[in-house]
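Student: Here's a structure for you.
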Amino acid sequence: MHIAIIGAGGVGGYFGARLAQEGEQVTFIARGAHLAAMREHGLRVRSANGDMSVHPVEATDDATTVGVVDLVMIAVKLWSTHDAIETARSMMGPQSTVISFQNGIEAEDALIAAFGRERVLGGVANIAALIETPGLIRHNGTMAMLQFGELDGKRSPRVEKLLEICKRAGIDAKVPDDINKAIWEKYVFLASLSAMTALTRLPLGPLREDPDTRALFRQLAEEVVAVGRAKGIPLAGDTADAMMKRLDGLPPDMVASMLGDLKRGNRLELPWLSGGVVDAGRKVGVPTPAHQFVYTALKLHAPGRHPMA
């Protein structure tokens with residue numbers, strides 16, 4: 001299978017390296033120093049699940065030179081979604097499939113609008129990884145799982161084939177009964193974790209131990225669940241409870257990537273996380289005061305480091 005990965009950062013770099021190491025034809029669409037390092041030294045991954053090095057590596061900043069591929073994986077930050085769609089166009093043939101492993105809940109609609117529902121799969125990536133230095137992906141912890149599926153829930157040949165190659169590459173992958181529900185379950189977790197760690201500038205440990213910050217964590221989760229259920233997503237009534245239980249089992253030093261972006265003065269995914277919850281809540285008539293507070297507190301940092309910070 002020829003797979004093009006738009007975005008060779010933590011998500012695209014890690015899973016793409018695993019697929020390429022197993023022998024799948026993987027082309028990374030990257031840029032800048034990271035692309036230059038990959039071309040010169042290959043793509044390296046440091047992980048508790050096993051280090052990897054792919055050299056030589058197929059990588060380019062010009063997708064028009066790649067040709068038509070079987071599968072396009074999009075793994076860029078949310079503000080780059082529409083740029084990624086334009087990048088993907090030249091690689092999409094009549095039988096090509098596209099899937100987003102981004103955060104948030106909006107990518108699938110954007111892909112459907114661009115390429116048609118029949119060419120889109122839903123996807124969820126669960127991993128904490130980043131570009132440590134150009135050409136090097138650092139995977140933190142051991143969690144590294146992909147979920148994907150047809151938006152209508154059917155088990156199609158293309159989904160089964162993708163599952164097969166992921167398993168062959170040693171990737172923890174699954175096809176849930178409802179990928180839309182899985183996307184929202186991740187959104188409950190990520191929007192809440194991003195909000196709390198970025199707002200407080202602290203890792204998970206102290207936030208789950210203090211009764212007041214733990215209560216705010218739960219409120220953030222419950223707001224996302226309420227919005228999702230109002231939109232027709234069959235989230236279970238104990239989804240927030242399950243999230244809190246999951247938080248209790250995670251490393252105390254865990255943070256969301258948005259906190260790292262905030263500290264580095266990078267652009268934030270805030271408008272699609274807490275901001276996205278607020279916007280969706282307004283549309284379905286569900287109040288989201290906790291996420292509104294987080295969005296207001298952080299919005300001046302969302303474009304990148306504020307000049308007066």
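Chains: A, B, ... in order of the structure tokens. Residues: from 1 per chain. Ligands: from 1, in order shown.
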If we count only C-alpha atoms, what is near Ala144 of chain A at a cut-off of 12 Å, once residues fewer than 3 positions away on the same chain are taken out, given as an mmCIF file with N, CA and C atoms, in the first residue's frame?
Tutor:
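So part.cif came out as:
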```
data_model
loop_
_atom_site.group_PDB
_atom_site.id
_atom_site.type_symbol
_atom_site.label_atom_id
_atom_site.label_comp_id
_atom_site.auth_asym_id
_atom_site.auth_seq_id
_atom_site.Cartn_x
_atom_site.Cartn_y
_atom_site.Cartn_z
ATOM 1 N N GLY A 10 4.814 14.244 15.645
ATOM 2 C CA GLY A 10 4.706 13.149 16.588
ATOM 3 C C GLY A 10 3.806 12.030 16.094
ATOM 4 N N VAL A 11 2.618 12.355 15.618
ATOM 5 C CA VAL A 11 1.671 11.330 15.166
ATOM 6 C C VAL A 11 2.118 10.729 13.828
ATOM 7 N N GLY A 12 2.268 11.568 12.819
ATOM 8 C CA GLY A 12 2.630 11.068 11.498
ATOM 9 C C GLY A 12 3.995 10.430 11.455
ATOM 10 N N TYR A 14 5.725 8.977 14.006
ATOM 11 C CA TYR A 14 5.797 7.705 14.739
ATOM 12 C C TYR A 14 5.124 6.581 13.954
ATOM 13 N N PHE A 15 3.853 6.770 13.599
ATOM 14 C CA PHE A 15 3.130 5.683 12.936
ATOM 15 C C PHE A 15 3.650 5.455 11.516
ATOM 16 N N ARG A 18 6.753 3.286 11.707
ATOM 17 C CA ARG A 18 6.432 1.872 11.944
ATOM 18 C C ARG A 18 5.965 1.187 10.655
ATOM 19 N N SER A 47 11.548 5.497 21.441
ATOM 20 C CA SER A 47 10.301 5.070 22.068
ATOM 21 C C SER A 47 10.547 3.906 23.015
ATOM 22 N N ALA A 48 9.786 3.892 24.113
ATOM 23 C CA ALA A 48 9.830 2.750 25.029
ATOM 24 C C ALA A 48 9.288 1.491 24.354
ATOM 25 N N ASN A 49 8.556 1.664 23.267
ATOM 26 C CA ASN A 49 8.042 0.526 22.515
ATOM 27 C C ASN A 49 9.054 -0.016 21.515
ATOM 28 N N GLY A 50 10.229 0.587 21.471
ATOM 29 C CA GLY A 50 11.264 0.175 20.538
ATOM 30 C C GLY A 50 11.700 1.314 19.638
ATOM 31 N N VAL A 124 -8.775 8.158 14.863
ATOM 32 C CA VAL A 124 -8.372 8.642 16.179
ATOM 33 C C VAL A 124 -6.959 8.136 16.454
ATOM 34 N N ALA A 125 -6.073 9.028 16.859
ATOM 35 C CA ALA A 125 -4.726 8.645 17.276
ATOM 36 C C ALA A 125 -4.552 8.975 18.749
ATOM 37 N N ASN A 126 -4.088 8.011 19.505
ATOM 38 C CA ASN A 126 -3.798 8.215 20.923
ATOM 39 C C ASN A 126 -2.314 7.983 21.149
ATOM 40 N N ILE A 127 -1.571 9.072 21.294
ATOM 41 C CA ILE A 127 -0.128 8.990 21.480
ATOM 42 C C ILE A 127 0.379 10.331 21.989
ATOM 43 N N ALA A 128 1.427 10.295 22.793
ATOM 44 C CA ALA A 128 2.117 11.513 23.219
ATOM 45 C C ALA A 128 3.503 11.489 22.589
ATOM 46 N N ALA A 129 3.679 12.250 21.524
ATOM 47 C CA ALA A 129 4.944 12.258 20.799
ATOM 48 C C ALA A 129 5.144 13.624 20.157
ATOM 49 N N HIS A 139 8.830 9.668 21.485
ATOM 50 C CA HIS A 139 7.553 9.122 21.954
ATOM 51 C C HIS A 139 7.616 9.028 23.469
ATOM 52 N N ASN A 140 6.724 9.727 24.137
ATOM 53 C CA ASN A 140 6.685 9.732 25.598
ATOM 54 C C ASN A 140 5.669 8.710 26.091
ATOM 55 N N GLY A 141 6.096 7.823 26.995
ATOM 56 C CA GLY A 141 5.223 6.775 27.480
ATOM 57 C C GLY A 141 5.171 5.610 26.506
ATOM 58 N N GLN A 147 -7.269 4.190 16.009
ATOM 59 C CA GLN A 147 -8.612 3.677 15.759
ATOM 60 C C GLN A 147 -9.095 4.289 14.447
ATOM 61 N N CYS A 166 -1.477 -2.398 9.763
ATOM 62 C CA CYS A 166 -1.097 -1.820 11.054
ATOM 63 C C CYS A 166 -0.653 -2.914 12.019
ATOM 64 N N GLY A 170 3.159 -3.861 13.889
ATOM 65 C CA GLY A 170 3.271 -3.777 15.339
ATOM 66 C C GLY A 170 2.539 -2.597 15.945
ATOM 67 N N ILE A 171 1.592 -2.029 15.211
ATOM 68 C CA ILE A 171 0.806 -0.895 15.707
ATOM 69 C C ILE A 171 -0.440 -1.414 16.421
ATOM 70 N N ASP A 172 -0.685 -0.911 17.599
ATOM 71 C CA ASP A 172 -1.912 -1.220 18.323
ATOM 72 C C ASP A 172 -3.056 -0.506 17.607
ATOM 73 N N ALA A 173 -3.869 -1.263 16.889
ATOM 74 C CA ALA A 173 -4.939 -0.664 16.077
ATOM 75 C C ALA A 173 -6.236 -1.416 16.298
ATOM 76 N N LYS A 174 -7.349 -0.696 16.198
ATOM 77 C CA LYS A 174 -8.652 -1.325 16.351
ATOM 78 C C LYS A 174 -9.680 -0.600 15.505
#
```
Student: When you look at Met1 of chain A with a cut-off of 9 Å (counting only C-alpha atoms), what residues show up, excluding the ones that are within fewer than 2 positions of it in the same chain? I need them as a list of chain:residue names.
Tutor: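 With the cut-off at 9 Å, the set is A:Ile3, A:Glu24, A:Gln25, A:Val26, A:Val69, A:Asp70, A:Leu71, A:Leu162, A:Ile165.
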Student: Would you write out those residues with N, CA and C atoms, as a CSV table (one decimal), in the first residue's frame?
Tutor:
```csv
chain,number,residue,atom,x,y,z
A,3,ILE,N,1.2,4.9,1.0
A,3,ILE,CA,0.6,5.8,2.0
A,3,ILE,C,1.3,7.1,2.0
A,24,GLU,N,5.9,-1.1,4.1
A,24,GLU,CA,4.9,-0.3,3.3
A,24,GLU,C,5.6,0.9,2.6
A,25,GLN,N,5.1,1.3,1.5
A,25,GLN,CA,5.6,2.5,0.8
A,25,GLN,C,5.0,3.7,1.4
A,26,VAL,N,5.8,4.4,2.2
A,26,VAL,CA,5.3,5.6,2.9
A,26,VAL,C,6.1,6.8,2.4
A,69,VAL,N,-1.9,8.0,-4.6
A,69,VAL,CA,-1.6,7.1,-3.6
A,69,VAL,C,-2.8,6.3,-3.2
A,70,ASP,N,-2.7,5.2,-2.4
A,70,ASP,CA,-3.8,4.5,-1.9
A,70,ASP,C,-4.5,5.2,-0.8
A,71,LEU,N,-3.7,5.7,0.1
A,71,LEU,CA,-4.2,6.3,1.4
A,71,LEU,C,-3.4,7.6,1.7
A,162,LEU,N,-6.3,-1.9,6.1
A,162,LEU,CA,-5.5,-1.0,6.9
A,162,LEU,C,-5.3,-1.6,8.2
A,165,ILE,N,-2.4,-4.2,7.9
A,165,ILE,CA,-1.0,-3.7,7.7
A,165,ILE,C,-0.6,-3.0,9.0
```
Student: So which residues touch Asp238 of chain A within 12 Å, counting only C-alpha atoms, skipping near sequence neighbours fewer than 4 positions away, as a PyMOL selection string?
Tutor: chain A and resi 185+188+218+221-222+225-226+234+242-245
Student: What's the 9 Å shell around Ile183 of chain A, counting only C-alpha atoms, without same-chain residues fewer than 2 positions away, as number ranges by chain?
Tutor: A: 103-105, 122-124, 147, 178-181, 185-188
Student: Skipping near chain neighbours, those fewer than 2 positions away, what residues fall within 8 Å of segment 78-92 of chain A using only C-alpha atoms, listed as a list in words?
Tutor: Ile6, Ala63, Thr64, Val66, Gly67, Val68, Val69, Asp70, Val72, Ile74, Val76, Pro94, Gln95, Ser96, Thr97, Gln102, Asn103, Gly104, Ala107, Ala110, Leu111, Ala114, Glu269 and Trp272 of chain A
Student: Take the selection from the previous step and output its residues with N, CA and C atoms, as a PDB file, in the first residue's frame.
Tutor:
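What follows is the written file out_2.pdb:
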```pdb
ATOM      1  N   ILE A   6       0.709  13.472   5.512  1.00  0.00           N
ATOM      2  CA  ILE A   6       0.871  14.928   5.536  1.00  0.00           C
ATOM      3  C   ILE A   6       1.054  15.349   6.988  1.00  0.00           C
ATOM      4  N   ALA A  63       3.912  17.802  -2.855  1.00  0.00           N
ATOM      5  CA  ALA A  63       3.036  16.646  -3.016  1.00  0.00           C
ATOM      6  C   ALA A  63       2.718  16.342  -4.470  1.00  0.00           C
ATOM      7  N   THR A  64       2.855  17.331  -5.348  1.00  0.00           N
ATOM      8  CA  THR A  64       2.536  17.098  -6.756  1.00  0.00           C
ATOM      9  C   THR A  64       3.521  16.143  -7.421  1.00  0.00           C
ATOM     10  N   VAL A  66       4.455  13.310  -5.993  1.00  0.00           N
ATOM     11  CA  VAL A  66       4.255  11.986  -5.393  1.00  0.00           C
ATOM     12  C   VAL A  66       3.412  11.073  -6.270  1.00  0.00           C
ATOM     13  N   GLY A  67       2.440  11.644  -6.960  1.00  0.00           N
ATOM     14  CA  GLY A  67       1.511  10.842  -7.736  1.00  0.00           C
ATOM     15  C   GLY A  67       0.340  10.369  -6.888  1.00  0.00           C
ATOM     16  N   VAL A  68      -0.527   9.574  -7.477  1.00  0.00           N
ATOM     17  CA  VAL A  68      -1.712   9.077  -6.782  1.00  0.00           C
ATOM     18  C   VAL A  68      -1.316   7.980  -5.806  1.00  0.00           C
ATOM     19  N   VAL A  69      -1.865   8.046  -4.607  1.00  0.00           N
ATOM     20  CA  VAL A  69      -1.560   7.055  -3.573  1.00  0.00           C
ATOM     21  C   VAL A  69      -2.833   6.317  -3.178  1.00  0.00           C
ATOM     22  N   ASP A  70      -2.661   5.242  -2.418  1.00  0.00           N
ATOM     23  CA  ASP A  70      -3.820   4.487  -1.944  1.00  0.00           C
ATOM     24  C   ASP A  70      -4.499   5.166  -0.758  1.00  0.00           C
ATOM     25  N   VAL A  72      -4.161   8.627   2.041  1.00  0.00           N
ATOM     26  CA  VAL A  72      -3.569   9.852   2.566  1.00  0.00           C
ATOM     27  C   VAL A  72      -3.933   9.957   4.044  1.00  0.00           C
ATOM     28  N   ILE A  74      -3.696  12.424   7.274  1.00  0.00           N
ATOM     29  CA  ILE A  74      -3.463  13.819   7.639  1.00  0.00           C
ATOM     30  C   ILE A  74      -3.183  13.880   9.137  1.00  0.00           C
ATOM     31  N   VAL A  76      -1.635  16.891  10.804  1.00  0.00           N
ATOM     32  CA  VAL A  76      -1.134  18.242  11.054  1.00  0.00           C
ATOM     33  C   VAL A  76      -1.958  18.898  12.158  1.00  0.00           C
ATOM     34  N   PRO A  94      -9.256   8.171  -8.110  1.00  0.00           N
ATOM     35  CA  PRO A  94     -10.649   7.706  -7.957  1.00  0.00           C
ATOM     36  C   PRO A  94     -10.828   6.678  -6.844  1.00  0.00           C
ATOM     37  N   GLN A  95      -9.788   5.886  -6.545  1.00  0.00           N
ATOM     38  CA  GLN A  95      -9.884   4.845  -5.526  1.00  0.00           C
ATOM     39  C   GLN A  95      -9.135   5.202  -4.248  1.00  0.00           C
ATOM     40  N   SER A  96      -8.642   6.407  -4.148  1.00  0.00           N
ATOM     41  CA  SER A  96      -7.859   6.799  -2.969  1.00  0.00           C
ATOM     42  C   SER A  96      -8.766   7.077  -1.774  1.00  0.00           C
ATOM     43  N   THR A  97      -8.203   6.862  -0.599  1.00  0.00           N
ATOM     44  CA  THR A  97      -8.903   7.110   0.664  1.00  0.00           C
ATOM     45  C   THR A  97      -8.122   8.140   1.461  1.00  0.00           C
ATOM     46  N   GLN A 102      -6.104  13.859  13.302  1.00  0.00           N
ATOM     47  CA  GLN A 102      -5.933  15.104  14.033  1.00  0.00           C
ATOM     48  C   GLN A 102      -6.778  15.106  15.306  1.00  0.00           C
ATOM     49  N   ASN A 103      -6.599  16.148  16.086  1.00  0.00           N
ATOM     50  CA  ASN A 103      -7.447  16.352  17.245  1.00  0.00           C
ATOM     51  C   ASN A 103      -8.777  16.962  16.808  1.00  0.00           C
ATOM     52  N   GLY A 104      -9.692  17.151  17.759  1.00  0.00           N
ATOM     53  CA  GLY A 104     -10.921  17.863  17.461  1.00  0.00           C
ATOM     54  C   GLY A 104     -11.968  17.003  16.773  1.00  0.00           C
ATOM     55  N   ALA A 107     -12.514  17.725  11.410  1.00  0.00           N
ATOM     56  CA  ALA A 107     -11.744  17.338  10.223  1.00  0.00           C
ATOM     57  C   ALA A 107     -12.570  16.515   9.247  1.00  0.00           C
ATOM     58  N   ALA A 110     -14.731  18.520   6.965  1.00  0.00           N
ATOM     59  CA  ALA A 110     -13.929  19.240   5.970  1.00  0.00           C
ATOM     60  C   ALA A 110     -13.462  18.297   4.864  1.00  0.00           C
ATOM     61  N   LEU A 111     -13.090  17.074   5.217  1.00  0.00           N
ATOM     62  CA  LEU A 111     -12.646  16.102   4.215  1.00  0.00           C
ATOM     63  C   LEU A 111     -13.803  15.654   3.332  1.00  0.00           C
ATOM     64  N   ALA A 114     -14.507  18.221   0.772  1.00  0.00           N
ATOM     65  CA  ALA A 114     -13.467  18.314  -0.261  1.00  0.00           C
ATOM     66  C   ALA A 114     -13.453  17.113  -1.202  1.00  0.00           C
ATOM     67  N   GLU A 269      -4.100  25.165  19.516  1.00  0.00           N
ATOM     68  CA  GLU A 269      -5.315  24.566  18.961  1.00  0.00           C
ATOM     69  C   GLU A 269      -6.558  24.945  19.782  1.00  0.00           C
ATOM     70  N   TRP A 272     -10.192  25.207  18.431  1.00  0.00           N
ATOM     71  CA  TRP A 272     -10.853  23.962  18.023  1.00  0.00           C
ATOM     72  C   TRP A 272     -11.106  23.039  19.214  1.00  0.00           C
TER      73      TRP A 272
END
```
Student: Would you mind writing down, as an NGL selection string, each residue of segment 48-216 of chain A that DSSP on the backbone assigns to strand (DSSP E)?
Tutor: :A and (52-54 or 58-60 or 69-74 or 92-100 or 120-133 or 136-150 or 172-174)
Student: Just C-alpha atoms for this one: save the residues we selected as a compact mmCIF listing (two decimals), in the first residue's frame.
Tutor:
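Result file follows (part07.txt):
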```txt
# COMPACT_ATOMS: atom_id res chain seq x y z
CA MET A 52 13.32 2.91 14.99
CA SER A 53 15.35 4.37 12.17
CA VAL A 54 14.07 4.62 8.61
CA GLU A 58 10.73 9.06 1.09
CA ALA A 59 10.04 12.69 2.01
CA THR A 60 9.18 15.82 0.07
CA VAL A 69 -1.56 7.05 -3.57
CA ASP A 70 -3.82 4.49 -1.94
CA LEU A 71 -4.20 6.31 1.37
CA VAL A 72 -3.57 9.85 2.57
CA MET A 73 -3.13 10.27 6.32
CA ILE A 74 -3.46 13.82 7.64
CA MET A 92 -6.12 11.53 -4.52
CA GLY A 93 -7.21 9.27 -7.36
CA PRO A 94 -10.65 7.71 -7.96
CA GLN A 95 -9.88 4.85 -5.53
CA SER A 96 -7.86 6.80 -2.97
CA THR A 97 -8.90 7.11 0.66
CA VAL A 98 -8.17 9.95 3.08
CA ILE A 99 -8.21 9.83 6.86
CA SER A 100 -7.49 12.42 9.53
CA VAL A 120 -13.25 9.45 3.86
CA LEU A 121 -12.52 7.30 6.90
CA GLY A 122 -12.77 8.51 10.49
CA GLY A 123 -9.65 8.24 12.63
CA VAL A 124 -8.37 8.64 16.18
CA ALA A 125 -4.73 8.65 17.28
CA ASN A 126 -3.80 8.22 20.92
CA ILE A 127 -0.13 8.99 21.48
CA ALA A 128 2.12 11.51 23.22
CA ALA A 129 4.94 12.26 20.80
CA LEU A 130 6.71 15.25 19.30
CA ILE A 131 9.64 16.36 17.16
CA GLU A 132 12.48 16.53 19.68
CA THR A 133 15.01 17.75 17.13
CA LEU A 136 13.97 12.79 15.55
CA ILE A 137 10.58 11.87 17.03
CA ARG A 138 10.39 11.40 20.78
CA HIS A 139 7.55 9.12 21.95
CA ASN A 140 6.68 9.73 25.60
CA GLY A 141 5.22 6.77 27.48
CA THR A 142 4.03 3.59 25.81
CA MET A 143 0.53 4.53 24.62
CA ALA A 144 0.40 4.46 20.82
CA MET A 145 -2.92 3.39 19.33
CA LEU A 146 -4.86 4.07 16.17
CA GLN A 147 -8.61 3.68 15.76
CA PHE A 148 -10.29 4.02 12.38
CA GLY A 149 -13.40 3.02 10.54
CA GLU A 150 -16.09 3.83 8.03
CA ASP A 172 -1.91 -1.22 18.32
CA ALA A 173 -4.94 -0.66 16.08
CA LYS A 174 -8.65 -1.33 16.35
```
Student: For Arg155 of chain A, list every protein, DNA or RNA residue within 10 Å, evaluated using only C-alpha atoms, and leave out those in the same chain fewer than 6 positions away; present the list as a PyMOL selection string.
Tutor: chain A and resi 149+175-177
Student: If you count only C-alpha atoms, which residues fall within 7 Å of segment 193-209 of chain A, apart from same-chain ones fewer than 6 positions away, as a ChimeraX atom specification?
Tutor: /A:217,252-256,258-259,274,294
Student: I need the helix (DSSP H, G or I) residues of segment 168-267 of chain A per DSSP on the backbone, written as a PyMOL selection string.
Tutor: chain A and resi 168+179-200+204-209+211-230+239-248+257-264
Student: Go through A:Ala302, A:Ala215, A:Ala290, A:Ile5 and flag the residue nearest Lys263 of chain A, using only C-alpha atoms for the distances.
Tutor: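 Smallest separation from Lys263 of chain A among the options: A:Ala302.
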